[in-house]
$ cat coords_20.cif   # mmCIF, C-alpha atoms
data_work
loop_
_atom_site.label_atom_id
_atom_site.label_comp_id
_atom_site.auth_asym_id
_atom_site.auth_seq_id
_atom_site.Cartn_x
_atom_site.Cartn_y
_atom_site.Cartn_z
CA MET A 1 63.46 -10.02 -135.88
CA VAL A 2 61.29 -12.24 -133.69
CA ARG A 3 63.70 -11.79 -130.81
CA LEU A 4 63.56 -8.03 -131.25
CA LEU A 5 59.78 -8.17 -131.27
CA PHE A 6 59.78 -10.15 -128.01
CA ILE A 7 62.16 -7.69 -126.37
CA LEU A 8 60.03 -4.80 -127.55
CA LEU A 9 56.82 -6.40 -126.25
CA PHE A 10 58.46 -7.25 -122.94
CA SER A 11 59.69 -3.68 -122.51
CA VAL A 12 56.28 -2.24 -123.32
CA SER A 13 54.54 -4.57 -120.86
CA VAL A 14 57.00 -3.78 -118.07
CA CYS A 15 56.65 -0.03 -118.66
CA TYR A 16 52.85 -0.33 -118.76
CA GLY A 17 52.84 -2.33 -115.53
CA GLN A 18 55.08 0.15 -113.76
CA ALA A 19 53.03 3.05 -115.04
CA ASN A 20 49.87 1.41 -113.72
CA ARG A 21 51.52 0.72 -110.42
CA PHE A 22 52.58 4.30 -109.91
CA ALA A 23 49.44 5.84 -111.28
CA GLY A 24 47.22 3.44 -109.34
CA PHE A 25 45.31 2.83 -112.54
CA GLY A 26 42.86 -0.02 -112.12
CA CYS A 27 44.05 -0.65 -108.55
CA ARG A 28 42.52 1.41 -105.79
CA THR A 29 44.97 0.42 -103.07
CA CYS A 30 48.20 0.14 -105.05
CA ASN A 31 49.51 3.40 -103.66
CA CYS A 32 48.50 2.54 -100.09
CA ASP A 33 50.99 1.28 -97.59
CA ALA A 34 50.69 -2.26 -96.25
CA ASN A 35 48.95 -1.31 -92.99
CA ALA A 36 46.30 0.70 -94.82
CA ARG A 37 45.69 -2.21 -97.19
CA ARG A 38 45.28 -4.58 -94.24
CA TYR A 39 42.69 -2.26 -92.71
CA LEU A 40 40.83 -1.87 -95.98
CA ASP A 41 40.88 -5.61 -96.56
CA SER A 42 39.41 -6.19 -93.10
CA THR A 43 36.64 -3.64 -93.57
CA GLY A 44 35.88 -4.71 -97.12
CA VAL A 45 35.49 -1.08 -98.12
CA THR A 46 36.13 -0.43 -101.81
CA ASP A 47 34.61 3.02 -102.34
CA THR A 48 37.23 5.05 -104.20
CA ALA A 49 36.97 8.21 -102.08
CA LYS A 50 37.09 6.27 -98.81
CA VAL A 51 40.04 4.18 -99.94
CA ALA A 52 41.92 7.31 -100.96
CA GLY A 53 41.04 9.05 -97.70
CA ILE A 54 42.18 6.12 -95.57
CA CYS A 55 45.40 5.69 -97.54
CA ASN A 56 46.18 9.37 -97.10
CA PHE A 57 45.36 9.17 -93.38
CA PHE A 58 47.78 6.30 -92.86
CA LYS A 59 50.49 8.09 -94.81
CA GLN A 60 50.09 11.24 -92.74
CA LEU A 61 50.04 9.28 -89.49
CA LYS A 62 53.31 7.67 -90.47
CA ASP A 63 54.83 10.93 -91.68
CA SER A 64 54.08 12.46 -88.29
CA SER A 65 55.13 11.15 -84.89
CA LEU A 66 51.63 9.83 -84.27
CA TRP A 67 51.97 6.39 -85.82
CA GLY A 68 54.18 5.15 -82.99
CA LYS A 69 51.91 6.70 -80.36
CA ALA A 70 48.45 5.53 -81.37
CA LYS A 71 47.08 2.38 -79.76
CA ALA A 72 43.61 2.39 -81.26
CA ILE A 73 41.83 4.40 -83.95
CA TYR A 74 38.26 3.71 -85.01
CA VAL A 75 36.64 5.24 -88.07
CA ALA A 76 32.95 5.18 -89.01
CA ILE A 77 33.98 3.97 -92.42
CA ASP A 78 30.66 2.49 -93.53
CA THR A 79 27.09 1.64 -92.61
CA THR A 80 27.48 -1.56 -90.58
CA ALA A 81 28.97 -2.61 -87.24
CA GLU A 82 30.87 -5.27 -89.13
CA ARG A 83 32.83 -2.60 -91.02
CA CYS A 84 33.17 0.01 -88.28
CA LYS A 85 34.54 -2.30 -85.58
CA TRP A 86 38.13 -2.43 -86.78
CA ASN A 87 41.10 -0.83 -85.06
CA LEU A 88 43.20 0.86 -87.75
CA MET A 89 46.35 0.10 -85.81
CA SER A 90 45.71 -3.65 -85.69
CA PRO A 91 42.83 -4.73 -87.91
CA THR A 92 42.37 -8.30 -86.71
CA ASP A 93 39.13 -9.66 -85.29
CA ALA A 94 40.24 -10.12 -81.69
CA ASP A 95 39.73 -8.41 -78.33
CA THR A 96 43.50 -8.28 -77.95
CA SER A 97 43.63 -6.09 -81.08
CA PHE A 98 41.17 -3.69 -79.43
CA ARG A 99 38.51 -4.43 -82.01
CA LEU A 100 35.19 -2.84 -80.98
CA THR A 101 32.34 -4.92 -79.62
CA PHE A 102 29.08 -3.08 -80.25
CA ALA A 103 26.04 -3.67 -78.06
CA GLY A 104 22.60 -2.09 -77.87
CA GLY A 105 20.92 0.55 -80.01
CA TRP A 106 23.57 1.61 -82.50
CA THR A 107 22.81 2.79 -85.99
CA PHE A 108 25.44 3.26 -88.65
CA ASN A 109 25.29 5.63 -91.56
CA SER A 110 27.71 7.50 -93.76
CA GLY A 111 28.01 10.23 -91.15
CA GLY A 112 29.05 8.14 -88.19
CA MET A 113 28.34 5.52 -85.56
CA TRP A 114 25.28 6.74 -83.71
CA ALA A 115 24.58 5.56 -80.18
CA SER A 116 20.96 5.80 -79.08
CA GLY A 117 21.59 7.12 -75.58
CA ILE A 118 19.54 4.28 -74.14
CA ASN A 119 21.72 1.19 -74.10
CA ALA A 120 24.22 1.58 -76.96
CA VAL A 121 27.84 1.07 -75.98
CA ALA A 122 31.00 -0.22 -77.61
CA ASN A 123 33.76 -1.98 -75.72
CA THR A 124 37.24 -1.11 -76.99
CA HIS A 125 38.83 -3.86 -74.85
CA LEU A 126 41.66 -1.36 -74.29
CA ILE A 127 42.43 -1.28 -70.56
CA PRO A 128 44.44 1.82 -69.59
CA LEU A 129 46.22 0.06 -66.73
CA SER A 130 47.53 -2.60 -69.13
CA VAL A 131 48.50 -0.27 -71.96
CA PHE A 132 49.56 3.08 -70.54
CA SER A 133 51.75 4.51 -67.82
CA ILE A 134 50.10 6.76 -65.26
CA ARG A 135 49.43 10.25 -66.66
CA ASP A 136 50.58 9.40 -70.18
CA TYR A 137 47.67 8.93 -72.55
CA ALA A 138 45.22 10.80 -74.76
CA VAL A 139 41.65 10.22 -75.86
CA CYS A 140 40.17 11.89 -78.92
CA ALA A 141 36.65 11.84 -80.38
CA TYR A 142 35.31 13.51 -83.49
CA ILE A 143 31.65 14.09 -82.65
CA ASN A 144 29.40 15.02 -85.54
CA GLY A 145 25.93 14.62 -84.11
CA GLY A 146 23.70 13.47 -81.30
CA THR A 147 22.14 15.36 -78.41
CA LEU A 148 24.98 14.32 -76.05
CA LEU A 149 22.19 13.55 -73.59
CA GLY A 150 20.79 10.11 -72.81
CA GLY A 151 21.24 8.54 -69.41
CA ALA A 152 21.43 10.64 -66.29
CA ALA A 153 25.24 10.94 -66.38
CA PRO A 154 26.27 10.27 -69.99
CA THR A 155 29.91 9.62 -70.85
CA THR A 156 31.64 9.67 -74.24
CA VAL A 157 34.87 7.63 -74.18
CA PHE A 158 35.28 6.43 -70.64
CA THR A 159 36.23 3.67 -68.23
CA HIS A 160 34.45 2.88 -65.00
CA SER A 161 35.05 0.86 -61.90
CA THR A 162 33.31 -2.48 -61.67
CA ASP A 163 30.48 -0.98 -59.66
CA GLY A 164 29.73 1.49 -62.44
CA ASN A 165 30.20 4.56 -60.27
CA PHE A 166 32.64 7.38 -60.85
CA ASN A 167 35.64 6.78 -58.62
CA VAL A 168 39.36 7.23 -58.17
CA SER A 169 40.44 5.27 -61.23
CA ASP A 170 38.14 6.62 -63.93
CA ASN A 171 39.77 7.75 -67.15
CA GLY A 172 38.50 9.40 -70.30
CA ILE A 173 36.50 12.23 -71.80
CA VAL A 174 32.96 13.32 -71.01
CA ILE A 175 31.50 15.61 -73.67
CA ARG A 176 28.06 16.92 -72.70
CA PRO A 177 26.02 19.83 -74.09
CA THR A 178 27.36 22.41 -71.65
CA ILE A 179 30.19 20.60 -69.85
CA LYS A 180 33.33 19.09 -71.35
CA ALA A 181 35.75 17.16 -69.16
CA PHE A 182 38.92 15.14 -69.42
CA ILE A 183 39.53 12.98 -66.37
CA PRO A 184 43.07 11.61 -66.67
CA ASN A 185 43.57 9.77 -63.39
CA GLY A 186 40.37 9.48 -61.43
CA ASP A 187 37.78 12.00 -60.37
CA ALA A 188 39.39 12.41 -56.96
CA GLN A 189 42.28 14.24 -58.64
CA PRO A 190 42.14 17.62 -60.38
CA PHE A 191 40.75 17.23 -63.90
CA ALA A 192 40.08 19.54 -66.81
CA VAL A 193 36.49 20.80 -67.01
CA SER A 194 35.19 23.43 -69.41
CA SER A 195 31.79 25.02 -69.81
CA ASN A 196 32.20 25.09 -73.61
CA SER A 197 28.81 24.73 -75.32
CA SER A 198 29.83 23.23 -78.68
CA ILE A 199 28.30 19.86 -79.38
CA THR A 200 30.25 18.91 -82.49
CA GLY A 201 33.94 18.91 -83.34
CA VAL A 202 37.17 17.14 -82.49
CA PHE A 203 37.51 16.87 -78.71
CA LEU A 204 40.82 15.66 -77.33
CA GLY A 205 42.06 15.16 -73.80
CA SER A 206 45.75 14.50 -73.20
CA VAL A 207 47.85 14.14 -70.09
CA LEU A 208 51.64 14.03 -69.99
CA THR A 209 53.98 12.61 -67.37
CA THR A 210 54.63 16.16 -66.18
CA GLY A 211 51.04 16.12 -64.91
CA VAL A 212 49.89 18.76 -67.39
CA SER A 213 46.44 17.81 -68.60
CA ASN A 214 44.83 19.62 -71.52
CA LEU A 215 41.39 19.46 -73.05
CA TYR A 216 41.18 20.61 -76.68
CA LYS A 217 38.31 21.50 -78.97
CA ASP A 218 39.33 21.51 -82.63
CA GLY A 219 42.98 21.91 -81.68
CA VAL A 220 42.46 24.81 -79.27
CA ILE A 221 42.96 24.32 -75.53
CA ILE A 222 39.68 24.95 -73.75
CA ARG A 223 40.91 23.89 -70.33
CA SER A 224 44.26 23.08 -68.79
CA THR A 225 45.08 21.76 -65.36
CA THR A 226 47.92 20.07 -63.52
CA THR A 227 47.32 16.79 -61.80
CA SER A 228 49.23 14.23 -59.75
CA GLY A 229 48.62 10.89 -58.06
CA GLY A 230 45.51 9.03 -59.02
CA ALA A 231 45.32 5.79 -60.92
CA LEU A 232 44.62 4.16 -64.25
CA SER A 233 41.52 2.07 -64.66
CA ASP A 234 41.58 -1.71 -64.81
CA ARG A 235 38.41 -1.53 -66.92
CA PRO A 236 38.35 -0.95 -70.67
CA PHE A 237 37.39 2.26 -72.43
CA TYR A 238 33.79 2.18 -73.62
CA LEU A 239 32.37 4.38 -76.36
CA ALA A 240 29.07 6.12 -75.52
CA GLY A 241 28.49 4.69 -72.07
CA LEU A 242 28.90 1.61 -69.97
CA SER A 243 27.59 -1.82 -70.86
CA PHE A 244 25.69 -2.66 -67.72
CA ASN A 245 24.51 0.75 -66.61
CA PRO A 246 22.13 2.95 -68.66
CA LEU A 247 22.97 5.86 -66.38
CA TYR A 248 26.06 6.54 -68.49
CA CYS A 249 24.73 5.91 -72.01
CA GLN A 250 24.96 8.86 -74.36
CA ASN A 251 23.19 9.85 -77.56
CA VAL A 252 26.26 10.63 -79.60
CA LYS A 253 27.32 10.27 -83.21
CA LEU A 254 31.00 9.39 -83.47
CA GLY A 255 32.97 9.82 -86.68
CA VAL A 256 36.45 8.98 -85.43
CA VAL A 257 37.84 7.90 -82.04
CA ALA A 258 41.55 7.70 -81.25
CA ILE A 259 43.33 6.49 -78.11
CA THR A 260 47.05 7.20 -77.90
CA VAL A 261 49.86 7.75 -75.44
CA GLY A 262 50.13 11.31 -74.13
CA LEU A 263 50.33 13.96 -76.85
CA THR A 264 52.02 17.35 -76.78
CA LYS A 265 50.11 20.40 -77.90
CA ALA A 266 51.66 20.19 -81.36
CA GLU A 267 50.86 16.49 -81.66
CA SER A 268 47.30 17.06 -80.46
CA GLN A 269 46.84 19.70 -83.12
CA THR A 270 48.35 17.44 -85.77
CA LEU A 271 45.99 14.59 -84.87
CA THR A 272 43.06 17.00 -84.98
CA ASN A 273 44.16 18.19 -88.42
CA LEU A 274 44.54 14.64 -89.73
CA ILE A 275 41.09 13.69 -88.47
CA THR A 276 39.63 16.83 -90.05
CA ILE A 277 41.21 15.97 -93.41
CA LEU A 278 40.01 12.37 -93.13
CA LYS A 279 36.42 13.26 -92.28
CA ASN A 280 36.28 15.71 -95.17
CA ARG A 281 37.66 13.14 -97.60
CA ILE A 282 35.42 10.26 -96.59
CA GLY A 283 32.32 12.33 -95.94
CA LEU A 284 31.84 12.06 -92.18
CA MET B 1 6.03 29.57 -68.09
CA ARG B 2 3.48 26.82 -68.72
CA LEU B 3 4.36 26.86 -72.41
CA PHE B 4 8.05 26.53 -71.53
CA ILE B 5 7.33 23.51 -69.34
CA VAL B 6 5.25 21.90 -72.09
CA ILE B 7 8.01 22.53 -74.65
CA MET B 8 10.68 21.15 -72.33
CA PHE B 9 8.54 18.06 -71.70
CA LEU B 10 8.11 17.52 -75.43
CA VAL B 11 11.82 18.03 -76.09
CA LEU B 12 12.82 15.59 -73.35
CA SER B 13 10.22 13.08 -74.50
CA ALA B 14 11.47 13.34 -78.07
CA ASN B 15 15.04 12.72 -76.90
CA ALA B 16 14.09 9.83 -74.68
CA GLY B 17 14.00 7.21 -77.40
CA LYS B 18 11.76 4.20 -77.68
CA VAL B 19 12.12 0.83 -76.00
CA ALA B 20 10.24 -2.45 -75.67
CA VAL B 21 9.75 -4.07 -72.29
CA VAL B 22 10.82 -7.71 -71.94
CA SER B 23 10.86 -10.08 -68.99
CA LYS B 24 14.03 -10.49 -66.95
CA THR B 25 14.30 -14.09 -68.17
CA ARG B 26 13.98 -12.96 -71.77
CA ALA B 27 16.50 -10.16 -71.17
CA MET B 28 19.07 -12.61 -69.79
CA LYS B 29 18.57 -14.87 -72.81
CA LEU B 30 18.97 -11.99 -75.26
CA LYS B 31 22.05 -10.45 -73.64
CA GLY B 32 25.10 -10.99 -75.79
CA LYS B 33 23.18 -12.51 -78.72
CA GLU B 34 23.56 -10.82 -82.12
CA THR B 35 20.75 -8.60 -83.43
CA THR B 36 22.67 -8.37 -86.66
CA GLU B 37 26.29 -9.08 -87.53
CA ASP B 38 28.66 -7.73 -84.84
CA LEU B 39 25.91 -5.92 -82.94
CA LEU B 40 24.78 -7.50 -79.67
CA PHE B 41 21.60 -7.17 -77.66
CA ASN B 42 22.13 -5.12 -74.53
CA PRO B 43 19.01 -5.27 -72.33
CA ILE B 44 19.03 -2.76 -69.48
CA GLN B 45 16.72 -1.63 -66.71
CA ASP B 46 14.83 1.65 -66.88
CA SER B 47 14.01 3.93 -63.94
CA LEU B 48 11.15 1.64 -62.91
CA GLY B 49 13.36 -1.44 -62.93
CA ARG B 50 11.80 -2.88 -66.08
CA TRP B 51 14.06 -4.73 -68.52
CA VAL B 52 14.00 -3.07 -71.90
CA ILE B 53 15.64 -3.28 -75.32
CA SER B 54 15.85 -0.35 -77.71
CA LYS B 55 13.91 0.26 -80.90
CA GLU B 56 17.20 0.36 -82.83
CA GLU B 57 18.02 -3.20 -81.79
CA ILE B 58 14.60 -4.38 -82.91
CA ASP B 59 14.79 -2.48 -86.21
CA GLN B 60 18.06 -4.17 -87.16
CA LEU B 61 17.01 -7.73 -86.35
CA ASP B 62 17.80 -10.15 -89.12
CA ASP B 63 17.41 -13.47 -87.32
CA THR B 64 13.86 -14.77 -87.65
CA ILE B 65 13.93 -16.40 -84.21
CA TYR B 66 13.78 -12.91 -82.67
CA TRP B 67 11.13 -11.48 -84.97
CA TYR B 68 8.53 -11.77 -82.22
CA LEU B 69 10.24 -8.75 -80.68
CA LYS B 70 8.99 -6.66 -83.59
CA SER B 71 5.43 -7.12 -82.36
CA LEU B 72 6.13 -5.72 -78.90
CA PRO B 73 4.69 -2.26 -78.15
CA LEU B 74 7.21 0.58 -77.91
CA ILE B 75 7.22 3.02 -75.00
CA ASP B 76 9.36 6.07 -74.12
CA PHE B 77 12.55 5.21 -72.27
CA ILE B 78 12.86 6.76 -68.82
CA PRO B 79 16.52 6.80 -67.74
CA PRO B 80 17.42 6.03 -64.12
CA LYS B 81 17.91 8.93 -61.76
CA ASP B 82 21.46 10.25 -61.51
CA THR B 83 23.03 9.31 -58.21
CA THR B 84 26.57 10.31 -59.22
CA LYS B 85 28.18 13.59 -58.27
CA LEU B 86 30.85 14.09 -60.91
CA PHE B 87 30.32 17.78 -61.62
#
$ encode --input "coords_20.cif" --output "structure tokens"
Amino acid sequence: MVRLLFILLFSVSVCYGQANRFAGFGCRTCNCDANARRYLDSTGVTDTAKVAGICNFFKQLKDSSLWGKAKAIYVAIDTTAERCKWNLMSPTDADTSFRLTFAGGWTFNSGGMWASGINAVANTHLIPLSVFSIRDYAVCAYINGGTLLGGAAPTTVFTHSTDGNFNVSDNGIVIRPTIKAFIPNGDAQPFAVSSNSSITGVFLGSVLTTGVSNLYKDGVIIRSTTTSGGALSDRPFYLAGLSFNPLYCQNVKLGVVAITVGLTKAESQTLTNLITILKNRIGL
Amino acid sequence: MRLFIVIMFLVLSANAGKVAVVSKTRAMKLKGKETTEDLLFNPIQDSLGRWVISKEEIDQLDDTIYWYLKSLPLIDFIPPKDTTKLF
């Protein structure tokens, strides 16, 4: 009788444990995959909606072809630099993991990481020349605020030469009030420029080894060009400007930034969709 | 026309942002130090060559050794003139 009671109790406890595990009851991250849990542990975020949104984002990245292509993804997950600095793809506190280093007048709120346009920049530590092959990368930014003005020549996610001037090895996207540009391999080569006047949305520039370079706004191509030659920068991508030169600083509110290898049109649209779902779920 | 110019001036002024002027020596000492966790000072030079730090950096200070910065007067930031020819 006692033995039967033990067996019965054991069975009930096992079933209850399994049920909890699958239902996620009492455990916000139980249904998350290991990479998502690592990111959430690093950020310290416990808000139920944000945890669910991040877990879903990771799942969808892995279900698509994007997981193997992304090098760095930054999400304005919370209201401090300490929590927003992490690279989803490698959430360790090191430059080699492309963790952001924020400097200058940033403010952080539930809507995004807001650069002042005076001296706020963030170093990704991701150097295109070290990470990508020529004409095979993409840069994406979900912008949800800011004037996009600031310094005299503001840039959004961009590299620069050591002298701080635009030159033959600049890479990245420049999203200004009336001009949008993706410069894949230096400004001496043909690059995609559009006179689109939107100041919010998901902007994505991608170049493929074929030389086809596309600039997207919310998944729609707003400019396409073909490029050749050029170079990748030996300087890291900076968010919202350049550390030592206020000329390039931009007043911009960033919700999500992603840097990946070159994306096809379908992949670019998928990434845009995933970012849109994420920002809706976590309230960016 | 005059009204348009006045409005444009006000709009640009409002977008300029506020900064506090510091000495070059002070700027060099502040550069790279934390204003708050994981956010570093980034002193820069304005169009007149003055070293400045932004209001946002001052607002977020949590180390008492920098609290003297809170007493500095704030002025409008004037960005340097664009010498690039990207577009």
$ resolve_selection --input "coords_20.cif" --expression "the PyMOL selection byres ((chain B) within 9 of (chain A))" --output "ChimeraX atom specification"
/B:15-19,32,34-46,53-58,60,77-87
$ resolve_selection --input "coords_20.cif" --expression "the PyMOL selection byres ((chain B and resi 67-75) around 6)" --output "CSV table (one decimal) with C-alpha atoms, in the coordinates of the input"
chain,number,residue,atom,x,y,z
B,18,LYS,CA,11.8,4.2,-77.7
B,19,VAL,CA,12.1,0.8,-76.0
B,20,ALA,CA,10.2,-2.4,-75.7
B,64,THR,CA,13.9,-14.8,-87.6
B,65,ILE,CA,13.9,-16.4,-84.2
B,66,TYR,CA,13.8,-12.9,-82.7
B,76,ASP,CA,9.4,6.1,-74.1
$ residues_around --input "coords_20.cif" --residues "segment 33-46 of chain A" --least-positions-apart "2" --cutoff "7 Å" --atoms "only C-alpha atoms" --output "count of residues only"
10
$ atom_distance --input "coords_20.cif" --atom1 "atom CA of Lys50 of chain A" --atom2 "atom CA of Cys32 of chain A"
12.1 Å
$ resolve_selection --input "coords_20.cif" --expression "the PyMOL selection byres ((chain A and resi 185) around 7)" --output "compact mmCIF listing (two decimals) with C-alpha atoms, in the frame of the given file"
# COMPACT_ATOMS: atom_id res chain seq x y z
CA ARG A 135 49.43 10.25 -66.66
CA SER A 169 40.44 5.27 -61.23
CA ASP A 170 38.14 6.62 -63.93
CA ASN A 171 39.77 7.75 -67.15
CA ILE A 183 39.53 12.98 -66.37
CA PRO A 184 43.07 11.61 -66.67
CA GLY A 186 40.37 9.48 -61.43
CA ASP A 187 37.78 12.00 -60.37
CA GLN A 189 42.28 14.24 -58.64
CA GLY A 230 45.51 9.03 -59.02
CA ALA A 231 45.32 5.79 -60.92
CA LEU A 232 44.62 4.16 -64.25
$ atom_distance --input "coords_20.cif" --atom1 "atom CA of Leu126 of chain A" --atom2 "atom CA of Asn280 of chain A"
27.5 Å
$ atom_distance --input "coords_20.cif" --atom1 "atom CA of Ile134 of chain A" --atom2 "atom CA of Thr226 of chain A"
13.6 Å
$ residues_around --input "coords_20.cif" --residues "Phe203 of chain A" --least-positions-apart "3" --cutoff "10 Å" --atoms "only C-alpha atoms" --output "CSV table (one decimal) with C-alpha atoms, in the coordinates of the input"
chain,number,residue,atom,x,y,z
A,139,VAL,CA,41.6,10.2,-75.9
A,140,CYS,CA,40.2,11.9,-78.9
A,141,ALA,CA,36.6,11.8,-80.4
A,142,TYR,CA,35.3,13.5,-83.5
A,143,ILE,CA,31.6,14.1,-82.6
A,173,ILE,CA,36.5,12.2,-71.8
A,174,VAL,CA,33.0,13.3,-71.0
A,175,ILE,CA,31.5,15.6,-73.7
A,180,LYS,CA,33.3,19.1,-71.4
A,181,ALA,CA,35.8,17.2,-69.2
A,182,PHE,CA,38.9,15.1,-69.4
A,198,SER,CA,29.8,23.2,-78.7
A,199,ILE,CA,28.3,19.9,-79.4
A,200,THR,CA,30.2,18.9,-82.5
A,215,LEU,CA,41.4,19.5,-73.0
A,216,TYR,CA,41.2,20.6,-76.7
A,217,LYS,CA,38.3,21.5,-79.0
A,218,ASP,CA,39.3,21.5,-82.6
A,219,GLY,CA,43.0,21.9,-81.7
A,220,VAL,CA,42.5,24.8,-79.3
A,221,ILE,CA,43.0,24.3,-75.5
A,222,ILE,CA,39.7,25.0,-73.8
A,257,VAL,CA,37.8,7.9,-82.0
A,268,SER,CA,47.3,17.1,-80.5
A,272,THR,CA,43.1,17.0,-85.0
